[in-house]
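K.L.:
Structure provided below as structure tokens; questions to follow.
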Amino acid sequence: MRISLLNDETVTSELTFKKVKVSDKGQISLPMEIQREVGIKKGDELLLIRKGQKIVLEKPRRIVKVLEDEFADLQDISEASLRRMWLRKKEDIWDRYLKASTK
């Protein structure tokens, strides 16, 4: 793996490092080759994510996909848990819930 930030660009097998300058207005320009490689077009909105001193720019669509994948099992787990609770005949949780909701 080669990492050197002395020149303007460093490429490793999975990462590309580019130096960009911040303007007086706090703006940066994304290099055209990076825009082409990631599919960023004029007018696209990017999501800026900061954790501590680290900053990442992402297309919102990609974040939504990651979140959908992360929570894909949540509905199945919730339904399975509710089904187990519903099938517990000895517990009167649903009777208490129904009585409370009809008052």
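Ligands are numbered from 1 in the order shown, chains are lettered A, B, ... in the order of the structure tokens, and residues start at 1 in each chain.
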DSSP says strand (DSSP E) for which residues of range 11-85 of chain A? Put them as JSON, numbers by chain?
P.N.:
{"A": [11, 16, 17, 18, 47, 48, 49, 50, 51, 54, 55, 56, 57, 58]}
K.L.:
Please give the complete set of residues from range 37-82 of chain A that DSSP, run on the backbone, assigns to helix (DSSP H, G or I), formatted as a list in words.
P.N.:
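Checking each residue of range 37-82 of chain A, the helix (DSSP H, G or I) ones are Glu37, Val38, Pro60, Arg61, Arg62, Ile63, Val64, Lys65, Val66, Leu67, Glu68, Asp69, Glu70, Leu74, Gln75, Asp76, Ile77, Ser78, Glu79, Ala80, Ser81 and Leu82 of chain A.
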K.L.:
Choose the residue, out of A:Val38, A:Asp73, A:Ala100, A:Met32, that has the smallest atom-to-atom separation from Leu57 in chain A; count only C-alpha atoms.
P.N.:
A:Val38
K.L.:
Can you work out the spacing between CA of Gln27 in chain A and CA of Gly43 in chain A in Å, to one decimal?
P.N.:
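So the two atoms, CA of Gln27 in chain A and CA of Gly43 in chain A, lie 14.9 Å apart.
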